[in-house]
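Asker: Below is the file coords17.cif, with mmCIF, C-alpha atoms; chains and numbers go by the auth columns.
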```
data_entry
loop_
_atom_site.group_PDB
_atom_site.id
_atom_site.type_symbol
_atom_site.label_atom_id
_atom_site.label_comp_id
_atom_site.label_asym_id
_atom_site.label_seq_id
_atom_site.Cartn_x
_atom_site.Cartn_y
_atom_site.Cartn_z
_atom_site.B_iso_or_equiv
_atom_site.auth_seq_id
_atom_site.auth_asym_id
ATOM 1 C CA MET A 1 19.231 -4.802 59.784 0.00 676 A
ATOM 2 C CA ASP A 2 16.794 -3.719 57.057 0.00 677 A
ATOM 3 C CA ALA A 3 15.085 -6.388 54.971 0.00 678 A
ATOM 4 C CA LEU A 4 17.533 -7.756 52.440 0.00 679 A
ATOM 5 C CA ILE A 5 16.732 -6.840 48.838 0.00 680 A
ATOM 6 C CA ALA A 6 18.288 -8.602 45.853 0.00 681 A
ATOM 7 C CA GLY A 7 18.569 -6.774 42.550 0.00 682 A
ATOM 8 C CA VAL A 8 18.729 -8.871 39.383 0.00 683 A
ATOM 9 C CA ASP A 9 19.754 -7.951 35.841 0.00 684 A
ATOM 10 C CA GLU A 10 21.412 -9.472 32.785 0.00 685 A
ATOM 11 C CA ALA A 11 23.813 -8.598 30.013 0.00 686 A
ATOM 12 C CA GLY A 12 24.076 -10.042 26.539 0.00 687 A
ATOM 13 C CA ARG A 13 20.560 -10.819 25.338 0.00 688 A
ATOM 14 C CA GLY A 14 21.145 -9.414 21.893 0.00 689 A
ATOM 15 C CA PRO A 15 24.575 -10.660 20.734 0.00 690 A
ATOM 16 C CA LEU A 16 25.124 -13.284 18.056 0.00 691 A
ATOM 17 C CA ALA A 17 27.853 -14.997 20.073 0.00 692 A
ATOM 18 C CA GLY A 18 28.716 -15.909 23.636 0.00 693 A
ATOM 19 C CA PRO A 19 26.598 -16.375 26.751 0.00 694 A
ATOM 20 C CA VAL A 20 23.926 -14.287 28.372 0.00 695 A
ATOM 21 C CA VAL A 21 25.085 -13.338 31.875 0.00 696 A
ATOM 22 C CA ALA A 22 22.771 -12.804 34.844 0.00 697 A
ATOM 23 C CA ALA A 23 23.767 -11.241 38.158 0.00 698 A
ATOM 24 C CA ALA A 24 22.100 -10.862 41.531 0.00 699 A
ATOM 25 C CA VAL A 25 23.309 -8.402 44.160 0.00 700 A
ATOM 26 C CA ILE A 26 22.277 -7.683 47.755 0.00 701 A
ATOM 27 C CA LEU A 27 23.694 -4.316 48.773 0.00 702 A
ATOM 28 C CA ASP A 28 24.683 -3.497 52.334 0.00 703 A
ATOM 29 C CA PRO A 29 22.617 -0.466 53.429 0.00 704 A
ATOM 30 C CA ARG A 30 25.429 0.472 55.835 0.00 705 A
ATOM 31 C CA ARG A 31 28.008 0.709 53.032 0.00 706 A
ATOM 32 C CA ALA A 32 26.666 3.062 50.377 0.00 707 A
ATOM 33 C CA ILE A 33 28.081 3.064 46.843 0.00 708 A
ATOM 34 C CA ARG A 34 27.793 6.369 45.031 0.00 709 A
ATOM 35 C CA GLY A 35 27.249 6.565 41.287 0.00 710 A
ATOM 36 C CA LEU A 36 25.299 3.370 40.699 0.00 711 A
ATOM 37 C CA ARG A 37 23.239 3.517 37.512 0.00 712 A
ATOM 38 C CA ASP A 38 22.414 1.538 34.394 0.00 713 A
ATOM 39 C CA SER A 39 25.704 0.016 33.211 0.00 714 A
ATOM 40 C CA LYS A 40 25.081 1.224 29.650 0.00 715 A
ATOM 41 C CA GLN A 41 25.151 4.832 30.907 0.00 716 A
ATOM 42 C CA LEU A 42 28.668 4.422 32.310 0.00 717 A
ATOM 43 C CA THR A 43 32.047 4.486 30.643 0.00 718 A
ATOM 44 C CA PRO A 44 33.925 1.167 30.661 0.00 719 A
ATOM 45 C CA GLU A 45 36.424 2.604 33.140 0.00 720 A
ATOM 46 C CA ARG A 46 33.689 3.771 35.525 0.00 721 A
ATOM 47 C CA ARG A 47 31.915 0.423 35.251 0.00 722 A
ATOM 48 C CA GLU A 48 35.070 -1.386 36.349 0.00 723 A
ATOM 49 C CA VAL A 49 35.536 0.920 39.346 0.00 724 A
ATOM 50 C CA LEU A 50 31.940 0.462 40.455 0.00 725 A
ATOM 51 C CA ALA A 51 32.011 -3.297 39.877 0.00 726 A
ATOM 52 C CA GLN A 52 34.980 -3.559 42.227 0.00 727 A
ATOM 53 C CA ARG A 53 33.182 -1.471 44.858 0.00 728 A
ATOM 54 C CA VAL A 54 30.066 -3.604 44.573 0.00 729 A
ATOM 55 C CA ARG A 55 32.108 -6.773 45.088 0.00 730 A
ATOM 56 C CA GLU A 56 33.873 -5.232 48.093 0.00 731 A
ATOM 57 C CA ARG A 57 30.862 -3.678 49.825 0.00 732 A
ATOM 58 C CA ALA A 58 27.801 -5.762 48.915 0.00 733 A
ATOM 59 C CA LEU A 59 26.457 -8.385 51.283 0.00 734 A
ATOM 60 C CA ALA A 60 26.220 -10.903 48.454 0.00 735 A
ATOM 61 C CA VAL A 61 27.042 -11.034 44.740 0.00 736 A
ATOM 62 C CA ALA A 62 26.357 -13.890 42.326 0.00 737 A
ATOM 63 C CA VAL A 63 26.951 -14.026 38.579 0.00 738 A
ATOM 64 C CA VAL A 64 25.945 -16.835 36.216 0.00 739 A
ATOM 65 C CA GLU A 65 26.647 -17.575 32.549 0.00 740 A
ATOM 66 C CA VAL A 66 24.102 -19.329 30.333 0.00 741 A
ATOM 67 C CA ASP A 67 26.052 -20.431 27.300 0.00 742 A
ATOM 68 C CA HIS A 68 25.202 -20.289 23.604 0.00 743 A
ATOM 69 C CA MET A 69 24.147 -23.959 23.529 0.00 744 A
ATOM 70 C CA GLU A 70 21.464 -23.442 26.171 0.00 745 A
ATOM 71 C CA ILE A 71 20.362 -20.256 24.430 0.00 746 A
ATOM 72 C CA ASP A 72 19.927 -22.149 21.152 0.00 747 A
ATOM 73 C CA LEU A 73 18.048 -24.936 22.917 0.00 748 A
ATOM 74 C CA LEU A 74 15.764 -22.780 25.062 0.00 749 A
ATOM 75 C CA ASN A 75 15.527 -19.407 23.258 0.00 750 A
ATOM 76 C CA ILE A 76 16.974 -16.193 24.647 0.00 751 A
ATOM 77 C CA LEU A 77 14.065 -15.272 26.929 0.00 752 A
ATOM 78 C CA GLN A 78 13.993 -18.639 28.672 0.00 753 A
ATOM 79 C CA ALA A 79 17.792 -18.709 28.911 0.00 754 A
ATOM 80 C CA THR A 80 17.775 -15.258 30.504 0.00 755 A
ATOM 81 C CA LEU A 81 15.115 -16.234 33.046 0.00 756 A
ATOM 82 C CA LEU A 82 17.040 -19.404 33.823 0.00 757 A
ATOM 83 C CA GLY A 83 20.200 -17.385 34.416 0.00 758 A
ATOM 84 C CA MET A 84 18.368 -15.037 36.768 0.00 759 A
ATOM 85 C CA LYS A 85 17.022 -17.948 38.786 0.00 760 A
ATOM 86 C CA ARG A 86 20.455 -19.575 38.984 0.00 761 A
ATOM 87 C CA ALA A 87 22.036 -16.283 40.092 0.00 762 A
ATOM 88 C CA LEU A 88 19.504 -15.903 42.897 0.00 763 A
ATOM 89 C CA LEU A 89 20.099 -19.474 44.024 0.00 764 A
ATOM 90 C CA ALA A 90 23.842 -18.817 44.063 0.00 765 A
ATOM 91 C CA LEU A 91 23.602 -15.900 46.507 0.00 766 A
ATOM 92 C CA ALA A 92 25.331 -16.597 49.822 0.00 767 A
ATOM 93 C CA VAL A 93 22.629 -14.601 51.645 0.00 768 A
ATOM 94 C CA ARG A 94 18.907 -15.178 51.214 0.00 769 A
ATOM 95 C CA PRO A 95 16.910 -12.062 50.300 0.00 770 A
ATOM 96 C CA ALA A 96 13.483 -11.118 51.604 0.00 771 A
ATOM 97 C CA CYS A 97 12.606 -9.198 48.439 0.00 772 A
ATOM 98 C CA ILE A 98 13.707 -9.665 44.816 0.00 773 A
ATOM 99 C CA LEU A 99 13.651 -6.800 42.295 0.00 774 A
ATOM 100 C CA ILE A 100 14.171 -7.746 38.647 0.00 775 A
ATOM 101 C CA ASP A 101 14.906 -5.400 35.777 0.00 776 A
ATOM 102 C CA GLY A 102 12.321 -5.526 32.987 0.00 777 A
ATOM 103 C CA ASN A 103 8.819 -6.924 32.836 0.00 778 A
ATOM 104 C CA ARG A 104 9.446 -10.672 33.036 0.00 779 A
ATOM 105 C CA ALA A 105 10.540 -12.759 36.002 0.00 780 A
ATOM 106 C CA PRO A 106 11.352 -16.441 36.400 0.00 781 A
ATOM 107 C CA ARG A 107 8.853 -18.413 38.419 0.00 782 A
ATOM 108 C CA LEU A 108 10.425 -18.645 41.851 0.00 783 A
ATOM 109 C CA ASN A 109 7.653 -20.249 43.913 0.00 784 A
ATOM 110 C CA ASP A 110 9.614 -23.473 44.310 0.00 785 A
ATOM 111 C CA CYS A 111 12.649 -21.826 45.892 0.00 786 A
ATOM 112 C CA PHE A 112 11.689 -18.302 46.991 0.00 787 A
ATOM 113 C CA ALA A 113 8.034 -18.744 47.936 0.00 788 A
ATOM 114 C CA ASP A 114 8.471 -16.531 50.987 0.00 789 A
ATOM 115 C CA CYS A 115 10.050 -13.654 49.026 0.00 790 A
ATOM 116 C CA GLU A 116 8.340 -10.683 47.452 0.00 791 A
ATOM 117 C CA VAL A 117 9.219 -10.629 43.735 0.00 792 A
ATOM 118 C CA ARG A 118 8.724 -7.536 41.600 0.00 793 A
ATOM 119 C CA THR A 119 9.716 -6.550 38.077 0.00 794 A
ATOM 120 C CA ILE A 120 10.651 -2.947 37.338 0.00 795 A
ATOM 121 C CA VAL A 121 10.893 -1.659 33.779 0.00 796 A
ATOM 122 C CA GLY A 122 14.019 0.487 33.588 0.00 797 A
ATOM 123 C CA GLY A 123 14.984 -0.697 37.038 0.00 798 A
ATOM 124 C CA ASP A 124 18.687 -0.669 36.183 0.00 799 A
ATOM 125 C CA ALA A 125 18.485 3.134 36.044 0.00 800 A
ATOM 126 C CA LEU A 126 16.134 3.515 39.032 0.00 801 A
ATOM 127 C CA VAL A 127 17.066 1.051 41.774 0.00 802 A
ATOM 128 C CA GLY A 128 20.538 0.799 43.261 0.00 803 A
ATOM 129 C CA CYS A 129 20.677 -2.958 43.725 0.00 804 A
ATOM 130 C CA ILE A 130 19.483 -3.557 40.143 0.00 805 A
ATOM 131 C CA SER A 131 22.051 -1.042 38.867 0.00 806 A
ATOM 132 C CA ALA A 132 24.707 -2.954 40.782 0.00 807 A
ATOM 133 C CA ALA A 133 23.584 -6.232 39.198 0.00 808 A
ATOM 134 C CA SER A 134 23.632 -4.570 35.770 0.00 809 A
ATOM 135 C CA ILE A 135 27.220 -3.416 36.323 0.00 810 A
ATOM 136 C CA ILE A 136 28.372 -6.808 37.584 0.00 811 A
ATOM 137 C CA ALA A 137 26.739 -8.651 34.668 0.00 812 A
ATOM 138 C CA LYS A 138 28.094 -6.250 32.054 0.00 813 A
ATOM 139 C CA THR A 139 31.692 -6.170 33.319 0.00 814 A
ATOM 140 C CA HIS A 140 31.760 -9.946 33.757 0.00 815 A
ATOM 141 C CA ARG A 141 30.489 -10.555 30.236 0.00 816 A
ATOM 142 C CA ASP A 142 32.793 -7.986 28.646 0.00 817 A
ATOM 143 C CA ALA A 143 35.815 -9.589 30.299 0.00 818 A
ATOM 144 C CA LEU A 144 34.646 -13.013 29.162 0.00 819 A
ATOM 145 C CA MET A 145 34.223 -11.849 25.565 0.00 820 A
ATOM 146 C CA ARG A 146 37.723 -10.359 25.566 0.00 821 A
ATOM 147 C CA ARG A 147 39.046 -13.796 26.537 0.00 822 A
ATOM 148 C CA MET A 148 36.893 -15.421 23.867 0.00 823 A
ATOM 149 C CA ASP A 149 38.374 -13.024 21.314 0.00 824 A
ATOM 150 C CA GLU A 150 41.758 -14.607 21.982 0.00 825 A
ATOM 151 C CA GLN A 151 40.303 -18.098 21.548 0.00 826 A
ATOM 152 C CA HIS A 152 38.291 -17.198 18.424 0.00 827 A
ATOM 153 C CA PRO A 153 40.292 -14.506 16.615 0.00 828 A
ATOM 154 C CA GLY A 154 39.143 -12.611 13.569 0.00 829 A
ATOM 155 C CA TYR A 155 35.590 -11.719 14.626 0.00 830 A
ATOM 156 C CA GLY A 156 36.414 -8.662 16.720 0.00 831 A
ATOM 157 C CA LEU A 157 34.695 -10.019 19.841 0.00 832 A
ATOM 158 C CA ALA A 158 36.779 -7.812 22.139 0.00 833 A
ATOM 159 C CA ARG A 159 35.425 -4.761 20.339 0.00 834 A
ATOM 160 C CA HIS A 160 31.734 -5.490 19.824 0.00 835 A
ATOM 161 C CA PHE A 161 31.323 -8.265 22.447 0.00 836 A
ATOM 162 C CA GLY A 162 29.369 -10.445 20.044 0.00 837 A
ATOM 163 C CA TYR A 163 26.743 -7.940 18.904 0.00 838 A
ATOM 164 C CA GLY A 164 25.727 -7.863 15.273 0.00 839 A
ATOM 165 C CA THR A 165 27.784 -4.905 14.141 0.00 840 A
ATOM 166 C CA ARG A 166 28.879 -4.448 10.556 0.00 841 A
ATOM 167 C CA MET A 167 32.385 -5.596 11.519 0.00 842 A
ATOM 168 C CA HIS A 168 31.009 -8.765 13.079 0.00 843 A
ATOM 169 C CA LEU A 169 28.725 -9.700 10.194 0.00 844 A
ATOM 170 C CA GLU A 170 31.459 -9.070 7.652 0.00 845 A
ATOM 171 C CA ALA A 171 33.741 -11.365 9.671 0.00 846 A
ATOM 172 C CA LEU A 172 31.035 -14.028 9.716 0.00 847 A
ATOM 173 C CA VAL A 173 30.825 -13.879 5.939 0.00 848 A
ATOM 174 C CA ARG A 174 34.607 -14.359 5.706 0.00 849 A
ATOM 175 C CA LEU A 175 35.045 -16.972 8.434 0.00 850 A
ATOM 176 C CA GLY A 176 31.671 -18.578 9.038 0.00 851 A
ATOM 177 C CA PRO A 177 30.363 -19.084 12.579 0.00 852 A
ATOM 178 C CA SER A 178 32.656 -20.081 15.425 0.00 853 A
ATOM 179 C CA ALA A 179 31.958 -22.637 18.140 0.00 854 A
ATOM 180 C CA ILE A 180 30.409 -19.943 20.377 0.00 855 A
ATOM 181 C CA HIS A 181 27.969 -18.403 17.902 0.00 856 A
ATOM 182 C CA ARG A 182 24.228 -18.633 18.544 0.00 857 A
ATOM 183 C CA VAL A 183 22.989 -20.501 15.521 0.00 858 A
ATOM 184 C CA SER A 184 19.337 -19.893 16.441 0.00 859 A
ATOM 185 C CA PHE A 185 19.775 -16.137 15.934 0.00 860 A
ATOM 186 C CA ASN A 186 19.359 -14.379 12.616 0.00 861 A
ATOM 187 C CA PRO A 187 21.128 -13.964 10.275 0.00 862 A
ATOM 188 C CA LEU A 188 22.949 -17.188 11.216 0.00 863 A
ATOM 189 C CA ARG A 189 19.729 -19.177 11.410 0.00 864 A
ATOM 190 C CA SER A 190 18.675 -18.105 7.923 0.00 865 A
ATOM 191 C CA TRP A 191 22.127 -18.680 6.472 0.00 866 A
ATOM 192 C CA LEU A 192 22.640 -22.114 8.003 0.00 867 A
ATOM 193 C CA SER A 193 19.131 -23.300 7.119 0.00 868 A
ATOM 194 C CA GLY A 194 19.627 -22.266 3.491 0.00 869 A
ATOM 195 C CA ALA A 195 16.637 -19.934 3.635 0.00 870 A
ATOM 196 C CA VAL A 196 18.908 -17.047 2.650 0.00 871 A
ATOM 197 C CA PRO A 197 22.179 -17.310 0.680 0.00 872 A
ATOM 198 C CA PHE A 198 25.194 -17.090 2.956 0.00 873 A
ATOM 199 C CA GLY A 199 26.326 -13.515 3.447 0.00 874 A
ATOM 200 C CA VAL A 200 22.960 -11.983 2.496 0.00 875 A
ATOM 201 C CA LEU A 201 21.025 -10.317 5.293 0.00 876 A
ATOM 202 C CA PRO A 202 17.533 -11.812 5.757 0.00 877 A
ATOM 203 C CA ALA A 203 14.558 -9.641 4.793 0.00 878 A
ATOM 204 C CA GLY A 204 13.956 -6.993 7.424 0.00 879 A
ATOM 205 C CA ALA A 205 17.409 -7.375 8.961 0.00 880 A
ATOM 206 C CA ARG A 206 19.792 -4.455 9.198 0.00 881 A
ATOM 207 C CA TRP A 207 23.369 -3.773 10.089 0.00 882 A
ATOM 208 C CA CYS A 208 23.565 -2.972 13.784 0.00 883 A
ATOM 209 C CA SER A 209 25.425 0.145 14.846 0.00 884 A
ATOM 210 C CA ASP A 210 28.700 0.074 16.723 0.00 885 A
ATOM 211 C CA GLU A 211 26.920 1.926 19.547 0.00 886 A
ATOM 212 C CA LEU A 212 25.488 -1.478 20.517 0.00 887 A
ATOM 213 C CA ASP A 213 21.969 -0.403 21.462 0.00 888 A
ATOM 214 C CA GLU A 214 20.937 -3.598 23.234 0.00 889 A
ATOM 215 C CA ALA A 215 17.232 -2.740 23.096 0.00 890 A
ATOM 216 C CA GLN A 216 17.389 -2.795 19.287 0.00 891 A
ATOM 217 C CA LEU A 217 19.210 -6.101 19.200 0.00 892 A
ATOM 218 C CA GLU A 218 16.981 -8.354 21.320 0.00 893 A
ATOM 219 C CA GLU A 219 15.728 -11.347 19.371 0.00 894 A
ATOM 220 C CA GLU A 220 12.106 -12.362 19.135 0.00 895 A
ATOM 221 C CA ASP A 221 11.448 -15.260 21.472 0.00 896 A
ATOM 222 C CA ALA A 222 11.014 -18.649 19.864 0.00 897 A
ATOM 223 C CA ALA A 223 8.925 -21.452 21.333 0.00 898 A
ATOM 224 C CA PRO A 224 10.694 -22.790 24.440 0.00 899 A
ATOM 225 C CA ALA A 225 11.803 -26.361 24.922 0.00 900 A
ATOM 226 C CA PRO A 226 9.295 -27.381 27.646 0.00 901 A
ATOM 227 C CA ALA A 227 11.447 -29.868 29.568 0.00 902 A
ATOM 228 C CA ILE A 228 14.234 -27.373 30.139 0.00 903 A
ATOM 229 C CA ALA A 229 11.995 -24.315 30.372 0.00 904 A
ATOM 230 C CA ARG A 230 10.612 -25.826 33.553 0.00 905 A
ATOM 231 C CA GLU A 231 13.978 -25.236 35.239 0.00 906 A
ATOM 232 C CA ALA A 232 13.627 -21.534 34.487 0.00 907 A
ATOM 233 C CA GLY A 233 10.106 -21.713 35.796 0.00 908 A
ATOM 234 C CA ALA A 234 8.812 -19.547 32.982 0.00 909 A
#
```
Let me see whether you can do it: turn the structure in this file into structure tokens.
Answerer:
Amino acid sequence: MDALIAGVDEAGRGPLAGPVVAAAVILDPRRAIRGLRDSKQLTPERREVLAQRVRERALAVAVVEVDHMEIDLLNILQATLLGMKRALLALAVRPACILIDGNRAPRLNDCFADCEVRTIVGGDALVGCISAASIIAKTHRDALMRRMDEQHPGYGLARHFGYGTRMHLEALVRLGPSAIHRVSFNPLRSWLSGAVPFGVLPAGARWCSDELDEAQLEEEDAAPAPAIAREAGA
């Protein structure tokens, strides 16, 4: 059998609520899956079909949630790297090579010292196993946010999945933050600290479109909490 390659990607870096989800997938080269691509380029219906095929045909699939509390404690970059590391550790099959979407990777020397690790910018649109991980992470998180919408009604989580759309921010002004909101993210951070009056967008902030362009919504990384950042290895 060819050397086993794990693709790694995440979903949910930018939202104001809910977890960031990381997935790792090792595809079976003998069981091809047509149509794999960046999950954001697929319709929701097509994503669900492909996610099911990945789960049926891949050699190994692992998905991990890093909740809003860890995100607030670590910052979103460190939480994402931690999720990626946990997803890799959760794989039932050990890879020989690890390909990670983006330009940052968790430090894996302590647990994958014998593996080649590479980052690939835009890898979710270029490499099949990363595309598969992108699809798994996105469909898992979307389903989770639909369930959270039932537990925390009024915010529209099933529609915008926690991103900072106009609908979401208007709901925050009416209802205040829920138990799953990321209080370290603006505008919540500015509102809760009193730096900006509640309901007023901080300077430089803008309403986010309902198209949910994740690249526009990623938060600047705050200083990590060193004791926990060591688990992510970043």
Asker: Identify, on the basis of all atoms listed in the file, every residue whose closest approach to Leu832 in chain A does not exceed 9 Å; exclude the query and any residue fewer than 6 positions from it along the same chain; express the result as an MDAnalysis selection string.
Answerer: chainID A and resid 692 820:825 838 843
Asker: Please write the residues from the selection above to a file, keeping C-alpha atoms, as a compact mmCIF listing (two decimals), in the frame of the given file.
Answerer:
```txt
# COMPACT_ATOMS: atom_id res chain seq x y z
CA ALA A 692 27.85 -15.00 20.07
CA MET A 820 34.22 -11.85 25.56
CA ARG A 821 37.72 -10.36 25.57
CA ARG A 822 39.05 -13.80 26.54
CA MET A 823 36.89 -15.42 23.87
CA ASP A 824 38.37 -13.02 21.31
CA GLU A 825 41.76 -14.61 21.98
CA TYR A 838 26.74 -7.94 18.90
CA HIS A 843 31.01 -8.76 13.08
```
Asker: Gln727 in chain A: which residues within 9 Å, counting only C-alpha atoms, same-chain residues fewer than 5 positions away excluded, as a ChimeraX atom specification?
Answerer: /A:722,732,811
Asker: Once the PyMOL selection byres ((chain A and resi 862) around 8) is applied to the coordinates I shared, what remains selected? I want it as a list in words.
Answerer: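 On this input, the PyMOL selection byres ((chain A and resi 862) around 8) captures Phe860, Asn861, Leu863, Arg864, Ser865, Trp866, Leu876, Pro877 and Ala880 of chain A.
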Asker: Do you know which residues are at most 10 Å from Leu801 in chain A counting only C-alpha atoms, after dropping those on the same chain fewer than 6 positions away, and could you put them as a PyMOL selection string?
Answerer: chain A and resi 711-713+776+795
Asker: Taking C-alpha atoms for each residue, export the selection above as a PDB file, keeping the file's coordinate frame.
Answerer:
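After the write, out_18.pdb holds the following:
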```
ATOM      1  CA  LEU A 711      25.299   3.370  40.699  1.00  0.00           C
ATOM      2  CA  ARG A 712      23.239   3.517  37.512  1.00  0.00           C
ATOM      3  CA  ASP A 713      22.414   1.538  34.394  1.00  0.00           C
ATOM      4  CA  ASP A 776      14.906  -5.400  35.777  1.00  0.00           C
ATOM      5  CA  ILE A 795      10.651  -2.947  37.338  1.00  0.00           C
TER       6      ILE A 795
END
```
Asker: If you measure from CA of Ser859 in chain A to CA of Ala699 in chain A, what distance in Å do you get, rounded to one decimal?
Answerer: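 So the answer is 26.8 Å.
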Asker: What's the 10 Å shell around range 804-810 of chain A, counting only C-alpha atoms, without same-chain residues fewer than 2 positions away, as a PyMOL selection string?
Answerer: chain A and resi 680-686+696-703+708+710-715+717+719+721-730+733+736-738+773-776+795+797-802+812-816
Asker: So that I have them on file, write out the residues from the current selection with C-alpha atoms, as a compact mmCIF listing (two decimals), in the frame of the given file.
Answerer:
```
# COMPACT_ATOMS: atom_id res chain seq x y z
CA ILE A 680 16.73 -6.84 48.84
CA ALA A 681 18.29 -8.60 45.85
CA GLY A 682 18.57 -6.77 42.55
CA VAL A 683 18.73 -8.87 39.38
CA ASP A 684 19.75 -7.95 35.84
CA GLU A 685 21.41 -9.47 32.78
CA ALA A 686 23.81 -8.60 30.01
CA VAL A 696 25.08 -13.34 31.88
CA ALA A 697 22.77 -12.80 34.84
CA ALA A 698 23.77 -11.24 38.16
CA ALA A 699 22.10 -10.86 41.53
CA VAL A 700 23.31 -8.40 44.16
CA ILE A 701 22.28 -7.68 47.76
CA LEU A 702 23.69 -4.32 48.77
CA ASP A 703 24.68 -3.50 52.33
CA ILE A 708 28.08 3.06 46.84
CA GLY A 710 27.25 6.56 41.29
CA LEU A 711 25.30 3.37 40.70
CA ARG A 712 23.24 3.52 37.51
CA ASP A 713 22.41 1.54 34.39
CA SER A 714 25.70 0.02 33.21
CA LYS A 715 25.08 1.22 29.65
CA LEU A 717 28.67 4.42 32.31
CA PRO A 719 33.92 1.17 30.66
CA ARG A 721 33.69 3.77 35.52
CA ARG A 722 31.92 0.42 35.25
CA GLU A 723 35.07 -1.39 36.35
CA VAL A 724 35.54 0.92 39.35
CA LEU A 725 31.94 0.46 40.46
CA ALA A 726 32.01 -3.30 39.88
CA GLN A 727 34.98 -3.56 42.23
CA ARG A 728 33.18 -1.47 44.86
CA VAL A 729 30.07 -3.60 44.57
CA ARG A 730 32.11 -6.77 45.09
CA ALA A 733 27.80 -5.76 48.92
CA VAL A 736 27.04 -11.03 44.74
CA ALA A 737 26.36 -13.89 42.33
CA VAL A 738 26.95 -14.03 38.58
CA ILE A 773 13.71 -9.66 44.82
CA LEU A 774 13.65 -6.80 42.30
CA ILE A 775 14.17 -7.75 38.65
CA ASP A 776 14.91 -5.40 35.78
CA ILE A 795 10.65 -2.95 37.34
CA GLY A 797 14.02 0.49 33.59
CA GLY A 798 14.98 -0.70 37.04
CA ASP A 799 18.69 -0.67 36.18
CA ALA A 800 18.48 3.13 36.04
CA LEU A 801 16.13 3.52 39.03
CA VAL A 802 17.07 1.05 41.77
CA ALA A 812 26.74 -8.65 34.67
CA LYS A 813 28.09 -6.25 32.05
CA THR A 814 31.69 -6.17 33.32
CA HIS A 815 31.76 -9.95 33.76
CA ARG A 816 30.49 -10.56 30.24
```
Asker: Listed atoms of range 692-700 of chain A, axis-aligned box, 5 Å per side: centre and edge lengths to one decimal in Å, as lines of an AutoDock Vina configuration file?
Answerer:
```
center_x = 25.4
center_y = -12.4
center_z = 32.1
size_x = 16.6
size_y = 18.0
size_z = 34.1
```
Asker: Counting only C-alpha atoms, figure out which residue out of A:Val848, A:Leu819, A:Ile855, A:Val739 gets nearest to Val875 in chain A.
Answerer: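 Among the listed residues, A:Val848 lies closest to Val875 in chain A.
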Asker: Quote the spacing between CA of Leu749 in chain A and CA of Glu791 in chain A in Å to one decimal place.
Answerer: 26.5 Å
